[in-house]
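Student: Structure incoming, see below.
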Amino acid sequence: MWYLLLYLLIINLVAFIMFYVDKRKAIKDKWRIRESSLYLVSFTGGVYGSILAMYLFHHKTRKVKFCIITALALIINIAIMVLIIKYVYF
């Protein structure tokens, strides 16, 4: 189980850093990280870091489509965690 926790810690840190870098590049009008890459990191477990960075840095919060997809990633991540806990511990 600690492998899963370590993975989640790392992937959320990666997501947080990716959003930070993308925000800084947006401010400086430079090359940006693809939205598909930001979605991918959210769907693979980094949704909590993504949401924290979105609201802390005010990044992508005005894009309705992005917020909806991130909310979907959150729902899927929670469902997966519930299934893992249910089938591993019960």
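By order in the structure tokens, chains are A, B, ...; within a chain, residues start at 1; ligands start at 1, following the order shown.
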Select from region 54-82 of chain A every residue with an atom at most 10 Å from any atom of region 8-24 of chain A, then for each give the shortest pair of atoms and their distance in Å to one decimal, using only C-alpha atoms, rows by chain and rising number, as a tab-separated table.

Tutor:
```
residue	atom	partner	partner_atom	distance
A:Met54	CA	A:Phe19	CA	7.1
A:Leu56	CA	A:Tyr20	CA	9.4
A:Phe57	CA	A:Tyr20	CA	7.1
A:His58	CA	A:Lys23	CA	8.5
A:His59	CA	A:Lys23	CA	6.2
A:Lys60	CA	A:Lys23	CA	8.7
```

Student: Take the residues that were just selected and, keeping C-alpha atoms, output them as a compact mmCIF listing (two decimals), in the first residue's frame.

Tutor:
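Output saved as result30.txt:
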```
# COMPACT_ATOMS: atom_id res chain seq x y z
CA MET A 54 -5.22 25.58 -10.63
CA LEU A 56 -3.44 28.58 -6.09
CA PHE A 57 -1.99 30.00 -9.34
CA HIS A 58 -5.37 30.96 -10.90
CA HIS A 59 -4.44 28.88 -13.91
CA LYS A 60 -7.02 27.45 -16.32
```

Student: Show me a table, sorted first by chain and then by increasing residue number, of the residues of region 46-82 of chain A having an atom at most 10 Å from region 36-41 of chain A, each with its shortest atom pair and the distance in Å to one decimal, counting only C-alpha atoms and written as JSON lines.

Tutor:
```
{"residue": "A:Gly46", "atom": "CA", "partner": "A:Val41", "partner_atom": "CA", "distance": 5.4}
{"residue": "A:Val47", "atom": "CA", "partner": "A:Val41", "partner_atom": "CA", "distance": 7.2}
{"residue": "A:Gly49", "atom": "CA", "partner": "A:Val41", "partner_atom": "CA", "distance": 9.4}
{"residue": "A:Ser50", "atom": "CA", "partner": "A:Leu38", "partner_atom": "CA", "distance": 8.0}
{"residue": "A:Phe66", "atom": "CA", "partner": "A:Tyr39", "partner_atom": "CA", "distance": 8.4}
{"residue": "A:Ile69", "atom": "CA", "partner": "A:Tyr39", "partner_atom": "CA", "distance": 7.6}
{"residue": "A:Thr70", "atom": "CA", "partner": "A:Tyr39", "partner_atom": "CA", "distance": 7.2}
{"residue": "A:Ala73", "atom": "CA", "partner": "A:Tyr39", "partner_atom": "CA", "distance": 8.1}
```

Student: As number ranges by chain, which residues of region 6-64 of chain A does DSSP assign to helix (DSSP H, G or I)?

Tutor: A: 6-27, 35-56, 64

Student: For region 82-89 of chain A, list every protein, DNA or RNA residue within 10 Å, evaluated using only C-alpha atoms, and leave out those in the same chain fewer than 6 positions away; present the list as a PyMOL selection string.

Tutor: chain A and resi 1+4+76

Student: Convert the current residue selection to file output with N, CA and C atoms, as an mmCIF file, in the first residue's frame.

Tutor:
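Contents of selection_6.cif, freshly written:
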```
data_model
loop_
_atom_site.group_PDB
_atom_site.id
_atom_site.type_symbol
_atom_site.label_atom_id
_atom_site.label_comp_id
_atom_site.auth_asym_id
_atom_site.auth_seq_id
_atom_site.Cartn_x
_atom_site.Cartn_y
_atom_site.Cartn_z
ATOM 1 N N MET A 1 0.820 -1.199 0.000
ATOM 2 C CA MET A 1 0.000 0.000 0.000
ATOM 3 C C MET A 1 0.865 1.265 0.000
ATOM 4 N N LEU A 4 1.586 2.702 -3.403
ATOM 5 C CA LEU A 4 0.510 3.527 -3.951
ATOM 6 C C LEU A 4 0.574 4.943 -3.386
ATOM 7 N N ILE A 76 -13.194 10.088 -11.293
ATOM 8 C CA ILE A 76 -12.601 8.798 -11.677
ATOM 9 C C ILE A 76 -11.520 8.383 -10.688
#
```

Student: For Ile75 (chain A), which of A:Thr61, A:Trp31, A:Tyr55, A:Ser42 is the closest residue, counting only C-alpha atoms?

Tutor: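 For Ile75 (chain A), the nearest of the given residues is A:Ser42.
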
Student: Pick the closest to Thr44 (chain A) from A:Ile27, A:Leu6, A:Leu74, A:Ile68: which is it, counting only C-alpha atoms?

Tutor: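 Once distances to Thr44 (chain A) are computed over only C-alpha atoms, the minimum belongs to A:Leu74.
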